[in-house]
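Peer 1: Please see the structure below; I have some questions.
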Amino acid sequence: PESETKVPDVREPPRRPPLKEALGQLLVPDVALLMLVGAIHWACQAPYMMFLVSLCEHNGLPAQTPGFAVVFAVIAEFLVLSNSERLLSWMRPSSWLVAVVLATGLRWYLTANATSVGLMLGAQLLHGLSFGAFLVSVVALITRQIPETSRAQGQALLYLMVFGLGGILGNSGAGYIKDLAGVASLFELAALIQLAIAPLAILLAVRAHREHKTT
């Protein structure tokens, strides 16, 4: 029998590439503000990821302290990420982002000045907010801001701007500041930067609240 050939429907208009849509979202004020806050927040994680051992030595803490600190941080991160839906039912993601910024500022200040093992380990429990709640909130926010047709590209762009650009800025600056001012001052500067971006996070939360009320 003669094979049938399916003719494509050429009347359907070509679809705009998802990447172009996602890149266009960078011009949206709330998305740009989220990327800025996220990148600076992530840059401030560099002292912890690079110089926690040096800080513990500087503060006269036992050699096992950095290892236990990381364990405490990972446990807190796991607890937050495994309850992400419950967290978002308690507060809007923009409100969580404000809490993340403020809690991380407190974390770095306590970490910089921790002269006891208990205080150092307790401060690292805030990693649940610094990373866990941060990841949950920014992904939820970008999901709401970017259309469904380009959502995957939007999340990829989020990772590129926040973790890529933020990581480059943090890693390149942390070593220079440590050599210039010392490891404790590096963590204290990270705490100050977190507090400095708090108004931006609050602005984002206010704008999100207004948008929620009008929809």
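Numbering starts fresh at 1 for the residues of each chain in the structure tokens, the chains themselves are lettered A, B, ... in the order given, and ligands are numbered from 1 as they appear.
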Quick one: residues within 10 Å of Leu200 (chain A), only C-alpha atoms counted, chain neighbours fewer than 4 positions away excluded, as a tab-separated table (two decimals) with N, CA, C and O atoms, in the first residue's frame?
Peer 2:
```tsv
chain	number	residue	atom	x	y	z
A	33	LEU	N	16.48	43.05	40.04
A	33	LEU	CA	16.75	43.26	41.47
A	33	LEU	C	17.02	41.93	42.16
A	33	LEU	O	17.92	41.83	43.01
A	34	LEU	N	16.27	40.91	41.80
A	34	LEU	CA	16.49	39.58	42.38
A	34	LEU	C	17.87	39.06	42.02
A	34	LEU	O	18.58	38.51	42.88
A	36	LEU	N	20.52	40.82	41.30
A	36	LEU	CA	21.52	41.61	42.00
A	36	LEU	C	21.66	41.17	43.45
A	36	LEU	O	22.78	40.93	43.94
A	37	VAL	N	20.54	41.08	44.15
A	37	VAL	CA	20.57	40.65	45.55
A	37	VAL	C	21.16	39.24	45.66
A	37	VAL	O	22.00	38.96	46.53
A	98	VAL	N	14.27	38.19	52.54
A	98	VAL	CA	14.65	39.20	53.53
A	98	VAL	C	15.23	38.50	54.77
A	98	VAL	O	16.27	38.90	55.30
A	101	VAL	N	18.79	37.22	54.06
A	101	VAL	CA	19.83	38.26	54.05
A	101	VAL	C	20.19	38.67	55.47
A	101	VAL	O	21.38	38.78	55.83
A	195	LEU	N	24.01	43.15	55.39
A	195	LEU	CA	23.11	44.17	55.94
A	195	LEU	C	22.88	45.29	54.94
A	195	LEU	O	21.80	45.88	54.89
A	196	ALA	N	23.89	45.58	54.12
A	196	ALA	CA	23.77	46.66	53.14
A	196	ALA	C	22.76	46.33	52.05
A	196	ALA	O	22.11	47.23	51.49
A	204	LEU	N	12.25	44.48	47.26
A	204	LEU	CA	11.74	43.40	46.43
A	204	LEU	C	10.50	42.77	47.08
A	204	LEU	O	9.51	42.46	46.39
A	205	ALA	N	10.55	42.60	48.40
A	205	ALA	CA	9.41	42.01	49.11
A	205	ALA	C	8.20	42.94	49.06
A	205	ALA	O	7.06	42.48	48.90
A	206	VAL	N	8.42	44.23	49.20
A	206	VAL	CA	7.31	45.20	49.14
A	206	VAL	C	6.68	45.19	47.75
A	206	VAL	O	5.45	45.19	47.62
```
Peer 1: Counting only C-alpha atoms, which of A:Phe51, A:Leu121, A:Val139, A:Trp90 gets nearest to Tyr159 (chain A)?
Peer 2: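 Checking each of A:Phe51, A:Leu121, A:Val139, A:Trp90 against Tyr159 (chain A), counting only C-alpha atoms, the winner is A:Val139.
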Peer 1: Using only C-alpha atoms, which of the listed residues (A:Ala112, A:Val162, A:Ala156, A:Ile168) sits closest to His58 (chain A)?
Peer 2: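 Counting only C-alpha atoms, the residue closest to His58 (chain A) is A:Ala112.
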Peer 1: Between A:Ile142, A:Leu125, A:Leu169, A:Ala190, which has the minimum distance to Val80 (chain A) (counting only C-alpha atoms)?
Peer 2: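 Between A:Ile142, A:Leu125, A:Leu169, A:Ala190, the residue approaching Val80 (chain A) most closely is A:Leu125.
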Peer 1: Between CA of Gly132 (chain A) and CA of Asn83 (chain A), what is the spacing in Å?
Peer 2: 9.8 Å
Peer 1: Which residues are near Gly182 (chain A)? Cut-off 12 Å, only C-alpha atoms, ignore same chain within fewer than 4 positions. Put them as a PDB file with all heavy atoms, in the first residue's frame.
Peer 2:
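Contents of around.pdb, as written:
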```pdb
ATOM      1  N   PRO A  47      33.909  33.668  51.836  1.00  0.00           N
ATOM      2  CA  PRO A  47      34.789  33.484  53.006  1.00  0.00           C
ATOM      3  C   PRO A  47      34.578  32.143  53.699  1.00  0.00           C
ATOM      4  O   PRO A  47      35.543  31.486  54.097  1.00  0.00           O
ATOM      5  CB  PRO A  47      34.386  34.656  53.914  1.00  0.00           C
ATOM      6  CG  PRO A  47      33.902  35.709  52.970  1.00  0.00           C
ATOM      7  CD  PRO A  47      33.188  34.954  51.883  1.00  0.00           C
ATOM      8  N   PHE A  51      37.783  30.004  53.530  1.00  0.00           N
ATOM      9  CA  PHE A  51      38.675  30.337  54.645  1.00  0.00           C
ATOM     10  C   PHE A  51      38.125  29.980  56.023  1.00  0.00           C
ATOM     11  O   PHE A  51      38.551  30.553  57.023  1.00  0.00           O
ATOM     12  CB  PHE A  51      39.014  31.836  54.602  1.00  0.00           C
ATOM     13  CG  PHE A  51      39.722  32.249  53.348  1.00  0.00           C
ATOM     14  CD1 PHE A  51      39.175  33.195  52.504  1.00  0.00           C
ATOM     15  CD2 PHE A  51      40.949  31.690  52.997  1.00  0.00           C
ATOM     16  CE1 PHE A  51      39.819  33.586  51.343  1.00  0.00           C
ATOM     17  CE2 PHE A  51      41.604  32.057  51.838  1.00  0.00           C
ATOM     18  CZ  PHE A  51      41.039  33.012  51.004  1.00  0.00           C
ATOM     19  N   SER A  54      41.003  28.631  58.111  1.00  0.00           N
ATOM     20  CA  SER A  54      41.891  29.714  58.549  1.00  0.00           C
ATOM     21  C   SER A  54      41.272  30.508  59.691  1.00  0.00           C
ATOM     22  O   SER A  54      41.972  30.910  60.632  1.00  0.00           O
ATOM     23  CB  SER A  54      42.195  30.647  57.373  1.00  0.00           C
ATOM     24  OG  SER A  54      42.893  29.972  56.356  1.00  0.00           O
ATOM     25  N   LEU A  55      39.973  30.732  59.624  1.00  0.00           N
ATOM     26  CA  LEU A  55      39.307  31.490  60.692  1.00  0.00           C
ATOM     27  C   LEU A  55      39.331  30.721  62.003  1.00  0.00           C
ATOM     28  O   LEU A  55      39.588  31.308  63.065  1.00  0.00           O
ATOM     29  CB  LEU A  55      37.864  31.801  60.284  1.00  0.00           C
ATOM     30  CG  LEU A  55      37.061  32.564  61.339  1.00  0.00           C
ATOM     31  CD1 LEU A  55      37.579  33.993  61.486  1.00  0.00           C
ATOM     32  CD2 LEU A  55      35.569  32.578  60.991  1.00  0.00           C
ATOM     33  N   HIS A  58      42.673  31.034  63.422  1.00  0.00           N
ATOM     34  CA  HIS A  58      42.863  32.399  63.914  1.00  0.00           C
ATOM     35  C   HIS A  58      42.175  32.605  65.263  1.00  0.00           C
ATOM     36  O   HIS A  58      42.713  33.302  66.143  1.00  0.00           O
ATOM     37  CB  HIS A  58      42.323  33.393  62.890  1.00  0.00           C
ATOM     38  CG  HIS A  58      42.375  34.829  63.332  1.00  0.00           C
ATOM     39  ND1 HIS A  58      41.334  35.422  64.035  1.00  0.00           N
ATOM     40  CD2 HIS A  58      43.333  35.771  63.182  1.00  0.00           C
ATOM     41  CE1 HIS A  58      41.648  36.674  64.283  1.00  0.00           C
ATOM     42  NE2 HIS A  58      42.857  36.919  63.787  1.00  0.00           N
ATOM     43  N   ASN A  59      40.992  31.974  65.436  1.00  0.00           N
ATOM     44  CA  ASN A  59      40.231  32.149  66.672  1.00  0.00           C
ATOM     45  C   ASN A  59      40.630  31.155  67.760  1.00  0.00           C
ATOM     46  O   ASN A  59      40.015  31.117  68.826  1.00  0.00           O
ATOM     47  CB  ASN A  59      38.727  32.018  66.392  1.00  0.00           C
ATOM     48  CG  ASN A  59      38.194  33.206  65.614  1.00  0.00           C
ATOM     49  OD1 ASN A  59      38.906  34.169  65.340  1.00  0.00           O
ATOM     50  ND2 ASN A  59      36.922  33.164  65.240  1.00  0.00           N
ATOM     51  N   ALA A 112      32.724  35.207  62.623  1.00  0.00           N
ATOM     52  CA  ALA A 112      33.974  35.970  62.709  1.00  0.00           C
ATOM     53  C   ALA A 112      34.467  36.096  64.133  1.00  0.00           C
ATOM     54  O   ALA A 112      35.677  36.121  64.380  1.00  0.00           O
ATOM     55  CB  ALA A 112      33.777  37.360  62.106  1.00  0.00           C
ATOM     56  N   ALA A 174      37.694  37.689  47.929  1.00  0.00           N
ATOM     57  CA  ALA A 174      37.908  37.200  49.293  1.00  0.00           C
ATOM     58  C   ALA A 174      39.392  37.062  49.639  1.00  0.00           C
ATOM     59  O   ALA A 174      39.831  37.470  50.721  1.00  0.00           O
ATOM     60  CB  ALA A 174      37.198  35.870  49.488  1.00  0.00           C
ATOM     61  N   GLY A 175      40.161  36.488  48.728  1.00  0.00           N
ATOM     62  CA  GLY A 175      41.585  36.307  49.010  1.00  0.00           C
ATOM     63  C   GLY A 175      42.310  37.628  49.172  1.00  0.00           C
ATOM     64  O   GLY A 175      43.152  37.789  50.072  1.00  0.00           O
ATOM     65  N   TYR A 176      41.966  38.592  48.322  1.00  0.00           N
ATOM     66  CA  TYR A 176      42.604  39.911  48.399  1.00  0.00           C
ATOM     67  C   TYR A 176      42.288  40.591  49.731  1.00  0.00           C
ATOM     68  O   TYR A 176      43.184  41.143  50.390  1.00  0.00           O
ATOM     69  CB  TYR A 176      42.128  40.767  47.231  1.00  0.00           C
ATOM     70  CG  TYR A 176      42.636  42.192  47.276  1.00  0.00           C
ATOM     71  CD1 TYR A 176      43.936  42.503  46.899  1.00  0.00           C
ATOM     72  CD2 TYR A 176      41.806  43.220  47.727  1.00  0.00           C
ATOM     73  CE1 TYR A 176      44.395  43.805  46.955  1.00  0.00           C
ATOM     74  CE2 TYR A 176      42.268  44.528  47.785  1.00  0.00           C
ATOM     75  CZ  TYR A 176      43.559  44.808  47.397  1.00  0.00           C
ATOM     76  OH  TYR A 176      44.017  46.107  47.458  1.00  0.00           O
ATOM     77  N   ILE A 177      41.031  40.541  50.135  1.00  0.00           N
ATOM     78  CA  ILE A 177      40.623  41.205  51.385  1.00  0.00           C
ATOM     79  C   ILE A 177      41.244  40.497  52.587  1.00  0.00           C
ATOM     80  O   ILE A 177      41.650  41.144  53.562  1.00  0.00           O
ATOM     81  CB  ILE A 177      39.091  41.247  51.488  1.00  0.00           C
ATOM     82  CG1 ILE A 177      38.517  42.109  50.361  1.00  0.00           C
ATOM     83  CG2 ILE A 177      38.648  41.784  52.844  1.00  0.00           C
ATOM     84  CD1 ILE A 177      37.021  42.039  50.220  1.00  0.00           C
ATOM     85  N   LYS A 178      41.331  39.157  52.536  1.00  0.00           N
ATOM     86  CA  LYS A 178      41.957  38.417  53.638  1.00  0.00           C
ATOM     87  C   LYS A 178      43.409  38.843  53.810  1.00  0.00           C
ATOM     88  O   LYS A 178      43.873  39.058  54.946  1.00  0.00           O
ATOM     89  CB  LYS A 178      41.872  36.916  53.370  1.00  0.00           C
ATOM     90  CG  LYS A 178      42.589  36.055  54.419  1.00  0.00           C
ATOM     91  CD  LYS A 178      42.478  34.584  54.059  1.00  0.00           C
ATOM     92  CE  LYS A 178      43.248  33.723  55.057  1.00  0.00           C
ATOM     93  NZ  LYS A 178      44.718  33.886  54.931  1.00  0.00           N
ATOM     94  N   LEU A 186      37.487  39.798  57.125  1.00  0.00           N
ATOM     95  CA  LEU A 186      36.831  39.360  55.896  1.00  0.00           C
ATOM     96  C   LEU A 186      35.411  38.890  56.188  1.00  0.00           C
ATOM     97  O   LEU A 186      34.458  39.270  55.486  1.00  0.00           O
ATOM     98  CB  LEU A 186      37.638  38.224  55.263  1.00  0.00           C
ATOM     99  CG  LEU A 186      36.994  37.503  54.074  1.00  0.00           C
ATOM    100  CD1 LEU A 186      36.775  38.461  52.905  1.00  0.00           C
ATOM    101  CD2 LEU A 186      37.855  36.312  53.655  1.00  0.00           C
ATOM    102  N   PHE A 187      35.235  38.084  57.227  1.00  0.00           N
ATOM    103  CA  PHE A 187      33.904  37.609  57.588  1.00  0.00           C
ATOM    104  C   PHE A 187      33.026  38.767  58.079  1.00  0.00           C
ATOM    105  O   PHE A 187      31.819  38.799  57.794  1.00  0.00           O
ATOM    106  CB  PHE A 187      34.000  36.522  58.659  1.00  0.00           C
ATOM    107  CG  PHE A 187      34.285  35.145  58.108  1.00  0.00           C
ATOM    108  CD1 PHE A 187      35.580  34.775  57.773  1.00  0.00           C
ATOM    109  CD2 PHE A 187      33.267  34.231  57.927  1.00  0.00           C
ATOM    110  CE1 PHE A 187      35.850  33.511  57.267  1.00  0.00           C
ATOM    111  CE2 PHE A 187      33.524  32.960  57.426  1.00  0.00           C
ATOM    112  CZ  PHE A 187      34.822  32.604  57.088  1.00  0.00           C
ATOM    113  N   GLU A 188      33.613  39.690  58.823  1.00  0.00           N
ATOM    114  CA  GLU A 188      32.842  40.838  59.292  1.00  0.00           C
ATOM    115  C   GLU A 188      32.397  41.729  58.130  1.00  0.00           C
ATOM    116  O   GLU A 188      31.285  42.274  58.141  1.00  0.00           O
ATOM    117  CB  GLU A 188      33.663  41.643  60.300  1.00  0.00           C
ATOM    118  CG  GLU A 188      33.840  40.926  61.631  1.00  0.00           C
ATOM    119  CD  GLU A 188      34.709  41.704  62.602  1.00  0.00           C
ATOM    120  OE1 GLU A 188      35.444  42.605  62.134  1.00  0.00           O
ATOM    121  OE2 GLU A 188      34.650  41.417  63.811  1.00  0.00           O
ATOM    122  N   LEU A 189      33.248  41.859  57.118  1.00  0.00           N
ATOM    123  CA  LEU A 189      32.868  42.628  55.938  1.00  0.00           C
ATOM    124  C   LEU A 189      31.713  41.943  55.211  1.00  0.00           C
ATOM    125  O   LEU A 189      30.774  42.614  54.739  1.00  0.00           O
ATOM    126  CB  LEU A 189      34.056  42.777  54.996  1.00  0.00           C
ATOM    127  CG  LEU A 189      33.778  43.518  53.678  1.00  0.00           C
ATOM    128  CD1 LEU A 189      33.294  44.940  53.942  1.00  0.00           C
ATOM    129  CD2 LEU A 189      35.016  43.527  52.781  1.00  0.00           C
TER     130      LEU A 189
END
```
